[in-house]
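Below: model06.tsv (TSV, C-alpha atoms)
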chain	number	residue	atom	x	y	z
O	1400	MET	CA	2.58	-19.16	-19.67
O	1401	ARG	CA	0.72	-22.44	-20.33
O	1402	ILE	CA	-2.04	-22.60	-17.77
O	1403	GLY	CA	-3.16	-26.23	-18.05
O	1404	SER	CA	-5.83	-28.06	-16.09
O	1405	TRP	CA	-4.18	-27.41	-12.70
O	1406	ILE	CA	-5.82	-23.99	-12.52
O	1407	ASP	CA	-9.26	-25.60	-12.17
O	1408	LYS	CA	-8.12	-27.29	-8.94
O	1409	ILE	CA	-7.57	-23.91	-7.28
O	1410	ARG	CA	-10.78	-22.83	-5.56
O	1411	GLY	CA	-9.75	-19.21	-5.07
O	1412	GLU	CA	-10.43	-16.40	-7.51
O	1413	LYS	CA	-8.18	-16.17	-10.60
O	1414	ARG	CA	-7.55	-13.11	-12.77
O	1415	PHE	CA	-5.59	-13.22	-16.04
O	1416	ASN	CA	-3.46	-10.40	-17.49
O	1417	GLU	CA	-4.30	-8.31	-14.46
O	1418	PRO	CA	-2.84	-4.76	-14.28
O	1419	MET	CA	-0.66	-4.59	-11.16
O	1420	ARG	CA	-1.19	-0.83	-10.86
O	1421	ARG	CA	-4.51	-1.74	-9.23
O	1422	TYR	CA	-2.67	-3.46	-6.39
O	1423	THR	CA	0.17	-1.07	-5.54
O	1424	THR	CA	0.03	2.13	-3.52
O	1425	PHE	CA	2.17	3.71	-6.27
O	1426	ARG	CA	-0.65	3.00	-8.78
O	1427	ILE	CA	2.08	1.84	-11.18
O	1428	GLY	CA	2.79	-1.53	-12.79
O	1429	GLY	CA	2.33	-3.69	-15.87
O	1430	LYS	CA	0.19	-6.81	-16.09
O	1431	ALA	CA	0.60	-10.08	-14.19
O	1432	ASP	CA	0.14	-13.26	-16.23
O	1433	ILE	CA	-2.18	-14.62	-13.56
O	1434	LEU	CA	-3.19	-13.29	-10.15
O	1435	ILE	CA	-4.61	-15.85	-7.72
O	1436	PHE	CA	-6.40	-15.25	-4.41
O	1437	PRO	CA	-6.17	-18.64	-2.62
O	1438	GLU	CA	-8.99	-19.52	-0.25
O	1439	ASP	CA	-7.05	-21.78	2.09
O	1440	ILE	CA	-3.80	-23.61	2.81
O	1441	GLY	CA	-4.77	-26.36	0.37
O	1442	ASP	CA	-4.84	-23.84	-2.48
O	1443	ILE	CA	-1.40	-22.54	-1.53
O	1444	ARG	CA	0.07	-26.06	-1.47
O	1445	LYS	CA	-1.27	-26.75	-4.97
O	1446	ILE	CA	0.15	-23.48	-6.28
O	1447	LEU	CA	3.55	-24.16	-4.72
O	1448	SER	CA	3.60	-27.65	-6.21
O	1449	VAL	CA	2.72	-26.42	-9.69
O	1450	SER	CA	5.25	-23.60	-9.50
O	1451	LYS	CA	8.00	-26.04	-8.50
O	1452	ASP	CA	7.14	-28.91	-10.87
O	1453	ARG	CA	6.59	-26.73	-13.95
O	1454	GLN	CA	9.18	-24.10	-13.05
O	1455	ILE	CA	6.63	-21.31	-13.15
O	1456	PRO	CA	7.83	-18.16	-11.37
O	1457	LEU	CA	5.86	-17.33	-8.22
O	1458	PHE	CA	5.62	-13.90	-6.60
O	1459	VAL	CA	3.77	-13.31	-3.33
O	1460	LEU	CA	2.02	-9.94	-3.25
O	1461	GLY	CA	1.37	-8.16	0.03
O	1462	GLY	CA	-0.59	-4.94	0.34
O	1463	GLY	CA	1.33	-3.31	-2.51
O	1464	ALA	CA	3.14	-0.74	-0.34
O	1465	ASN	CA	6.94	-0.42	-0.58
O	1466	LEU	CA	6.63	-2.02	-4.01
O	1467	LEU	CA	7.33	-0.89	-7.57
O	1468	VAL	CA	6.24	-3.20	-10.39
O	1469	ARG	CA	8.07	-2.60	-13.66
O	1470	ASP	CA	6.12	-1.61	-16.76
O	1471	GLY	CA	6.47	-5.05	-18.39
O	1472	GLY	CA	4.53	-6.67	-15.54
O	1473	ILE	CA	5.18	-9.97	-13.76
O	1474	ARG	CA	5.57	-13.31	-15.49
O	1475	GLY	CA	4.15	-16.45	-13.94
O	1476	ILE	CA	1.89	-16.54	-10.89
O	1477	VAL	CA	1.20	-13.68	-8.50
O	1478	LEU	CA	-0.24	-14.89	-5.21
O	1479	SER	CA	-2.32	-12.58	-3.00
O	1480	LEU	CA	-3.51	-13.56	0.48
O	1481	ARG	CA	-5.63	-10.46	0.96
O	1482	LYS	CA	-8.94	-12.35	0.62
O	1483	GLY	CA	-8.60	-15.70	2.35
O	1484	PHE	CA	-6.08	-14.88	5.08
O	1485	ARG	CA	-7.15	-11.68	6.78
O	1486	ASP	CA	-8.90	-12.75	9.99
O	1487	ILE	CA	-8.01	-11.00	13.28
O	1488	LYS	CA	-8.79	-12.51	16.67
O	1489	ILE	CA	-7.72	-12.58	20.30
O	1490	ALA	CA	-5.62	-15.70	20.89
O	1491	ASP	CA	-5.04	-15.01	24.56
O	1492	ARG	CA	-5.57	-12.02	26.81
O	1493	THR	CA	-2.94	-9.78	25.16
O	1494	LEU	CA	-2.03	-11.96	22.17
O	1495	VAL	CA	-3.60	-11.10	18.82
O	1496	SER	CA	-3.60	-13.71	16.05
O	1497	VAL	CA	-3.65	-12.19	12.57
O	1498	GLY	CA	-3.77	-13.52	9.02
O	1499	VAL	CA	-1.03	-11.94	6.91
O	1500	GLY	CA	-3.53	-10.67	4.33
O	1501	ALA	CA	-5.11	-8.27	6.83
O	1502	LYS	CA	-4.32	-4.60	6.43
O	1503	LEU	CA	-2.01	-3.32	9.15
O	1504	THR	CA	-4.37	-0.40	9.75
O	1505	GLU	CA	-7.20	-2.89	10.44
O	1506	VAL	CA	-5.11	-4.59	13.13
O	1507	VAL	CA	-4.28	-1.23	14.72
O	1508	GLY	CA	-8.00	-0.46	14.95
O	1509	PHE	CA	-8.81	-3.94	16.31
O	1510	ALA	CA	-6.19	-3.56	19.04
O	1511	ALA	CA	-7.56	-0.16	20.05
O	1512	ASP	CA	-11.14	-1.48	20.14
O	1513	ASN	CA	-10.01	-4.21	22.53
O	1514	GLY	CA	-7.92	-1.98	24.78
O	1515	LEU	CA	-4.59	-3.40	23.65
O	1516	SER	CA	-1.59	-1.10	23.39
O	1517	GLY	CA	1.66	-1.48	21.44
O	1518	LEU	CA	0.54	-0.90	17.86
O	1519	GLU	CA	-0.10	2.82	18.01
O	1520	PHE	CA	3.12	3.50	16.09
O	1521	ALA	CA	1.68	1.66	13.06
O	1522	VAL	CA	-1.36	3.88	12.58
O	1523	GLY	CA	-1.43	5.09	9.00
O	1524	ILE	CA	1.24	2.68	7.75
O	1525	PRO	CA	-0.18	1.23	4.51
O	1526	GLY	CA	0.08	-2.34	3.33
O	1527	SER	CA	-0.59	-5.80	4.73
O	1528	VAL	CA	0.55	-7.51	7.90
O	1529	GLY	CA	2.66	-9.89	5.80
O	1530	GLY	CA	4.47	-7.01	4.16
O	1531	ALA	CA	4.97	-5.34	7.54
O	1532	LEU	CA	6.59	-8.54	8.84
O	1533	ILE	CA	8.91	-8.94	5.85
O	1534	MET	CA	9.91	-5.27	5.93
O	1535	ASN	CA	9.93	-5.03	9.73
O	1536	ALA	CA	7.79	-1.93	9.32
O	1537	GLY	CA	8.24	0.79	11.85
O	1538	ALA	CA	7.82	4.44	12.78
O	1539	SER	CA	8.74	6.78	15.62
O	1540	GLY	CA	11.59	4.52	16.71
O	1541	LYS	CA	9.34	1.46	17.07
O	1542	GLU	CA	8.98	-1.57	14.79
O	1543	MET	CA	7.17	-4.85	14.27
O	1544	ALA	CA	10.09	-6.86	15.69
O	1545	LYS	CA	9.24	-5.59	19.17
O	1546	ILE	CA	5.72	-7.05	19.20
O	1547	VAL	CA	5.98	-10.25	17.10
O	1548	GLU	CA	5.73	-13.36	19.26
O	1549	SER	CA	5.66	-15.88	16.39
O	1550	VAL	CA	5.02	-16.31	12.67
O	1551	THR	CA	3.42	-19.31	10.97
O	1552	LEU	CA	4.58	-20.02	7.43
O	1553	MET	CA	4.65	-22.64	4.71
O	1554	ASP	CA	8.01	-23.74	3.33
O	1555	PRO	CA	8.55	-24.52	-0.40
O	1556	GLU	CA	7.73	-28.20	0.24
O	1557	GLY	CA	4.32	-27.36	1.69
O	1558	ASN	CA	5.26	-27.95	5.34
O	1559	ILE	CA	3.83	-25.68	8.03
O	1560	LEU	CA	6.49	-24.14	10.28
O	1561	ASN	CA	6.32	-21.87	13.31
O	1562	MET	CA	9.07	-19.35	13.98
O	1563	VAL	CA	9.41	-17.36	17.20
O	1564	GLY	CA	10.49	-13.75	17.15
O	1565	ASP	CA	14.16	-14.29	18.01
O	1566	ASP	CA	14.61	-16.84	15.19
O	1567	ILE	CA	13.26	-14.53	12.48
O	1568	GLY	CA	16.32	-12.31	12.39
O	1569	PHE	CA	14.58	-8.97	12.15
O	1570	GLY	CA	16.81	-6.11	11.04
O	1571	TYR	CA	16.37	-2.53	9.89
O	1572	ARG	CA	13.54	-2.76	7.36
O	1573	ASN	CA	14.18	-6.43	6.69
O	1574	SER	CA	13.76	-9.95	8.04
O	1575	ARG	CA	15.28	-13.35	7.33
O	1576	PHE	CA	12.45	-15.80	6.73
O	1577	PRO	CA	13.43	-19.01	4.88
O	1578	ALA	CA	13.83	-18.48	1.13
O	1579	GLY	CA	10.73	-19.42	-0.86
O	1580	SER	CA	8.47	-19.61	2.20
O	1581	ILE	CA	5.00	-18.05	2.35
O	1582	LEU	CA	3.91	-16.32	5.53
O	1583	LEU	CA	0.43	-17.28	6.73
O	1584	ARG	CA	-0.25	-15.64	10.09
O	1585	THR	CA	1.39	-14.06	13.10
O	1586	ARG	CA	0.79	-13.67	16.83
O	1587	LEU	CA	1.39	-10.17	18.17
O	1588	SER	CA	2.20	-9.65	21.84
O	1589	LEU	CA	0.55	-6.46	23.06
O	1590	ARG	CA	-0.30	-5.12	26.50
O	1591	GLU	CA	-3.45	-3.99	28.24
O	1592	GLY	CA	-4.11	-0.27	28.11
O	1593	ASP	CA	-6.72	2.42	28.43
O	1594	LYS	CA	-8.78	2.72	25.23
O	1595	ARG	CA	-8.93	6.51	25.44
O	1596	GLU	CA	-5.17	6.81	25.87
O	1597	ILE	CA	-4.54	4.36	23.04
O	1598	ARG	CA	-6.76	6.30	20.65
O	1599	GLU	CA	-5.15	9.58	21.70
O	1600	GLY	CA	-1.74	8.10	20.94
O	1601	MET	CA	-3.01	6.96	17.55
O	1602	LYS	CA	-4.39	10.44	16.82
O	1603	VAL	CA	-1.09	12.13	17.67
O	1604	ASN	CA	0.91	9.68	15.54
O	1605	LEU	CA	-1.46	9.99	12.58
O	1606	GLU	CA	-1.44	13.79	12.71
O	1607	GLU	CA	2.36	13.77	12.74
O	1608	ARG	CA	2.44	11.39	9.77
O	1609	GLN	CA	-0.01	13.57	7.84
O	1610	LYS	CA	2.15	16.65	8.48
O	1611	ARG	CA	5.35	15.04	7.23
O	1612	GLN	CA	4.28	12.69	4.47
O	1613	PRO	CA	2.72	13.33	1.01
O	1614	LEU	CA	-0.42	11.30	1.53
O	1615	SER	CA	-2.40	13.16	-1.15
O	1616	PHE	CA	-0.41	11.48	-3.98
O	1617	PRO	CA	0.12	7.78	-4.78
O	1618	CYS	CA	3.50	6.71	-3.45
O	1619	ALA	CA	5.30	3.68	-2.02
O	1620	GLY	CA	6.46	5.08	1.29
O	1621	SER	CA	10.12	5.80	1.98
O	1622	ILE	CA	12.23	5.13	-1.10
O	1623	PHE	CA	15.61	4.87	0.66
O	1624	LYS	CA	16.80	3.46	3.96
O	1625	ASN	CA	18.25	5.98	6.38
O	1626	PRO	CA	22.06	5.76	6.39
O	1627	VAL	CA	23.62	5.18	9.81
O	1628	GLY	CA	23.60	8.44	11.72
O	1629	ASN	CA	21.73	10.37	9.05
O	1630	PHE	CA	18.39	10.69	7.26
O	1631	ALA	CA	17.85	9.97	3.58
O	1632	GLY	CA	15.26	12.73	3.24
O	1633	ARG	CA	17.62	15.31	4.74
O	1634	LEU	CA	20.43	14.28	2.36
O	1635	ILE	CA	18.16	14.43	-0.70
O	1636	GLU	CA	16.76	17.81	0.29
O	1637	SER	CA	20.20	19.31	0.99
O	1638	ALA	CA	21.33	18.04	-2.41
O	1639	GLY	CA	18.70	20.33	-3.92
O	1640	LEU	CA	16.42	17.59	-5.23
O	1641	LYS	CA	13.11	18.41	-3.56
O	1642	GLY	CA	10.54	18.76	-6.31
O	1643	TYR	CA	12.81	17.32	-9.00
O	1644	ARG	CA	10.87	15.21	-11.46
O	1645	ILE	CA	11.22	12.84	-14.36
O	1646	GLY	CA	7.97	12.45	-16.25
O	1647	ASP	CA	5.18	12.24	-13.68
O	1648	ALA	CA	7.50	10.86	-10.96
O	1649	GLN	CA	8.50	13.61	-8.54
O	1650	VAL	CA	10.58	13.95	-5.39
O	1651	SER	CA	7.94	15.05	-2.91
O	1652	GLU	CA	7.85	18.71	-1.93
O	1653	ARG	CA	6.78	17.66	1.56
O	1654	HIS	CA	9.27	14.87	2.31
O	1655	ALA	CA	12.28	14.32	0.06
O	1656	ASN	CA	12.52	10.57	0.81
O	1657	PHE	CA	9.21	10.05	-0.98
O	1658	ILE	CA	8.68	9.84	-4.72
O	1659	VAL	CA	5.10	10.59	-5.71
O	1660	ASN	CA	3.09	9.70	-8.79
O	1661	THR	CA	1.68	13.06	-9.84
O	1662	GLY	CA	-0.43	11.66	-12.64
O	1663	ASN	CA	0.55	8.82	-14.90
O	1664	ALA	CA	4.12	8.01	-13.89
O	1665	SER	CA	5.69	4.87	-15.34
O	1666	ALA	CA	7.94	2.52	-13.42
O	1667	GLU	CA	10.73	3.63	-15.77
O	1668	ASP	CA	10.19	7.24	-14.66
O	1669	VAL	CA	10.54	6.20	-11.01
O	1670	ILE	CA	13.61	4.02	-11.59
O	1671	ARG	CA	15.37	6.77	-13.55
O	1672	LEU	CA	14.58	9.22	-10.74
O	1673	ILE	CA	15.89	6.80	-8.09
O	1674	ASP	CA	19.13	6.37	-10.04
O	1675	TYR	CA	19.50	10.13	-10.46
O	1676	ILE	CA	18.96	10.75	-6.73
O	1677	LYS	CA	21.61	8.14	-5.88
O	1678	HIS	CA	24.05	9.72	-8.31
O	1679	VAL	CA	23.57	13.29	-7.02
O	1680	VAL	CA	23.69	12.36	-3.32
O	1681	LEU	CA	26.85	10.32	-3.85
O	1682	GLU	CA	28.46	13.13	-5.83
O	1683	LYS	CA	27.51	15.91	-3.41
O	1684	LYS	CA	27.45	14.11	-0.06
O	1685	GLY	CA	29.71	11.10	-0.58
O	1686	ILE	CA	27.00	8.75	0.71
O	1687	VAL	CA	25.56	5.72	-1.08
O	1688	LEU	CA	21.79	5.52	-0.63
O	1689	GLU	CA	20.22	2.05	-0.42
O	1690	THR	CA	16.68	1.55	-1.69
O	1691	GLU	CA	14.04	0.45	0.79
O	1692	ILE	CA	11.31	-0.34	-1.75
O	1693	HIS	CA	11.26	-3.62	-3.66
O	1694	ILE	CA	11.40	-3.41	-7.45
O	1695	VAL	CA	10.01	-6.44	-9.28
O	1696	GLY	CA	8.83	-7.49	-12.72
O	1697	GLU	CA	9.99	-7.11	-16.31
O	1698	GLU	CA	11.03	-4.13	-18.39
O	1699	ILE	CA	9.08	-3.45	-21.55

The structure in this file should be written as structure tokens.
Amino acid sequence: MRIGSWIDKIRGEKRFNEPMRRYTTFRIGGKADILIFPEDIGDIRKILSVSKDRQIPLFVLGGGANLLVRDGGIRGIVLSLRKGFRDIKIADRTLVSVGVGAKLTEVVGFAADNGLSGLEFAVGIPGSVGGALIMNAGASGKEMAKIVESVTLMDPEGNILNMVGDDIGFGYRNSRFPAGSILLRTRLSLREGDKREIREGMKVNLEERQKRQPLSFPCAGSIFKNPVGNFAGRLIESAGLKGYRIGDAQVSERHANFIVNTGNASAEDVIRLIDYIKHVVLEKKGIVLETEIHIVGEEI
């Protein structure tokens, strides 16, 4: 990619040929041509303009959870908001305004510190607020859609838009934000609660997550969406695939809907394992599994 003089106009930090494994919870991924951490909205507008005018691919990176970057890396620009867009503040009595680069776990802690309930379900969920919005992250039957009042974003032309919860079109582990837009911040509608009860709820949820999920290995969370009326993990386990591995990618012994990186797994290992799981579950159970994680980048 020809960089040109435009890069000097971006105030935020720039990193060239940056290994994406450093930015994913899977600890897997080839190099990005250039990774940029914009400082402000002005930086983002410049990057959008350059990407459009010079037809340079642009990928917006969240917290790196629910993401698999292929071994060939990502061409063009990777944009991360984890440095300049991570402030958390009270907007009104029970409204919390959050930059999308903040970690979801940080927001959970902030809410608890301020006696605000409604985010206990998200304790221990990795990744950024932006990723949680795009994926409509959830647990224990609760999800982000239930607490999002509004989302501020920038469209591909650089205009700032505000979308209210009902217009976003949240679905099961997805959302329908305008194509090419970049999320900037959100307002979460919580409720007043007792700090001790909130923290107790967080403790119970975290302990349950630690019992069920393989948190001692790098992973990307649930690999497959749960089919209607069933559970992906249950289907994979009953198909006899718990512990099955390709290279250093392994179906978790603790929860079969997780693939873990047991050492130095490649993206190709993971993709081959995903395809094998789909094949076996379809053959044995007659059910087509749909991936929940996003797979991006180039093959080697």

From O:Val1468, O:Leu1589, O:Val1679, O:Ala1666, residue lying nearest Gly1696 in chain O [all atoms listed in the file]: O:Val1468

Quick one: contact table of range 1455-1526 of chain O to range 1405-1414 of chain O, 12 Å max, nearest atom pair and distance in Å to one decimal per residue, counting only C-alpha atoms, chain and number order, as JSON lines?
{"residue": "O:Ile1476", "atom": "CA", "partner": "O:Lys1413", "partner_atom": "CA", "distance": 10.1}
{"residue": "O:Val1477", "atom": "CA", "partner": "O:Arg1414", "partner_atom": "CA", "distance": 9.8}
{"residue": "O:Leu1478", "atom": "CA", "partner": "O:Lys1413", "partner_atom": "CA", "distance": 9.7}
{"residue": "O:Ser1479", "atom": "CA", "partner": "O:Glu1412", "partner_atom": "CA", "distance": 10.0}
{"residue": "O:Leu1480", "atom": "CA", "partner": "O:Gly1411", "partner_atom": "CA", "distance": 10.1}
{"residue": "O:Arg1481", "atom": "CA", "partner": "O:Gly1411", "partner_atom": "CA", "distance": 11.4}
{"residue": "O:Lys1482", "atom": "CA", "partner": "O:Gly1411", "partner_atom": "CA", "distance": 8.9}
{"residue": "O:Gly1483", "atom": "CA", "partner": "O:Gly1411", "partner_atom": "CA", "distance": 8.3}
{"residue": "O:Phe1484", "atom": "CA", "partner": "O:Gly1411", "partner_atom": "CA", "distance": 11.6}

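Among the candidates O:Gly1472, O:Pro1555, O:Gly1498, O:Gly1463, the one nearest to Gly1530 in chain O when counting all atoms listed in the file is O:Gly1463.
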
CA of Glu1519 in chain O to CA of Glu1652 in chain O, straight-line distance in Å: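 CA of Glu1652 in chain O sits 26.7 Å away from CA of Glu1519 in chain O.
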
Contact residues around Val1687 in chain O with all atoms listed in the file at 9 Å, ignoring same-chain residues under 2 positions, as a PyMOL selection string: chain O and resi 1626+1677-1678+1680-1681+1684-1685+1689

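Considering the residues O:Ile1524, O:Leu1672, O:Leu1503, O:Leu1582 and counting only C-alpha atoms, Met1562 in chain O has its shortest atom-to-atom contact with O:Leu1582.
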
Surrounding residues of Lys1541 in chain O excluding itself and chain neighbours under 5 positions, 9 Å, all atoms listed in the file, as a VMD selection string: chain O and resid 1520 to 1521 1536

Residue with smallest distance to Ser1496 in chain O - pool O:Asn1660, O:Thr1585, O:Ala1655, O:Pro1613, counting all atoms listed in the file: O:Thr1585

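Ranking O:Gly1557, O:Gly1462, O:Pro1437, O:Pro1617 by their shortest atom-to-atom distance to Met1534 in chain O, with all atoms listed in the file included, puts O:Gly1462 first.
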
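Interatomic distance, CA of Arg1572 in chain O against CA of Asp1470 in chain O: 25.3 Å.
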
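CA of Ala1538 in chain O is positioned 24.3 Å from CA of Val1459 in chain O.
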
Long-range neighbours of Leu1688 in chain O as number ranges by chain, 12 Å cut-off, all atoms listed in the file, 2 positions minimum in chain: O: 1621-1627, 1629-1635, 1656, 1673-1682, 1684-1686, 1690-1691

Proximity to Arg1671 in chain O - best of O:Val1497, O:Val1522, O:Ile1645, O:Ile1487, only C-alpha atoms: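 Closest to Arg1671 in chain O, using only C-alpha atoms: O:Ile1645.
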
Exercise: Asp1554 in chain O partners within 12 Å, only C-alpha atoms, chain neighbours under 2 positions left out, as number ranges by chain: O: 1440, 1443-1444, 1447-1448, 1551-1552, 1556-1562, 1576-1583

Range 1423-1429 of chain O surroundings by all atoms listed in the file, 10 Å radius, close-in-sequence under 6 positions cut, as a ChimeraX atom specification: /O:1416-1417,1460-1473,1525-1526,1616-1620,1658-1660,1662-1667,1669,1695-1699
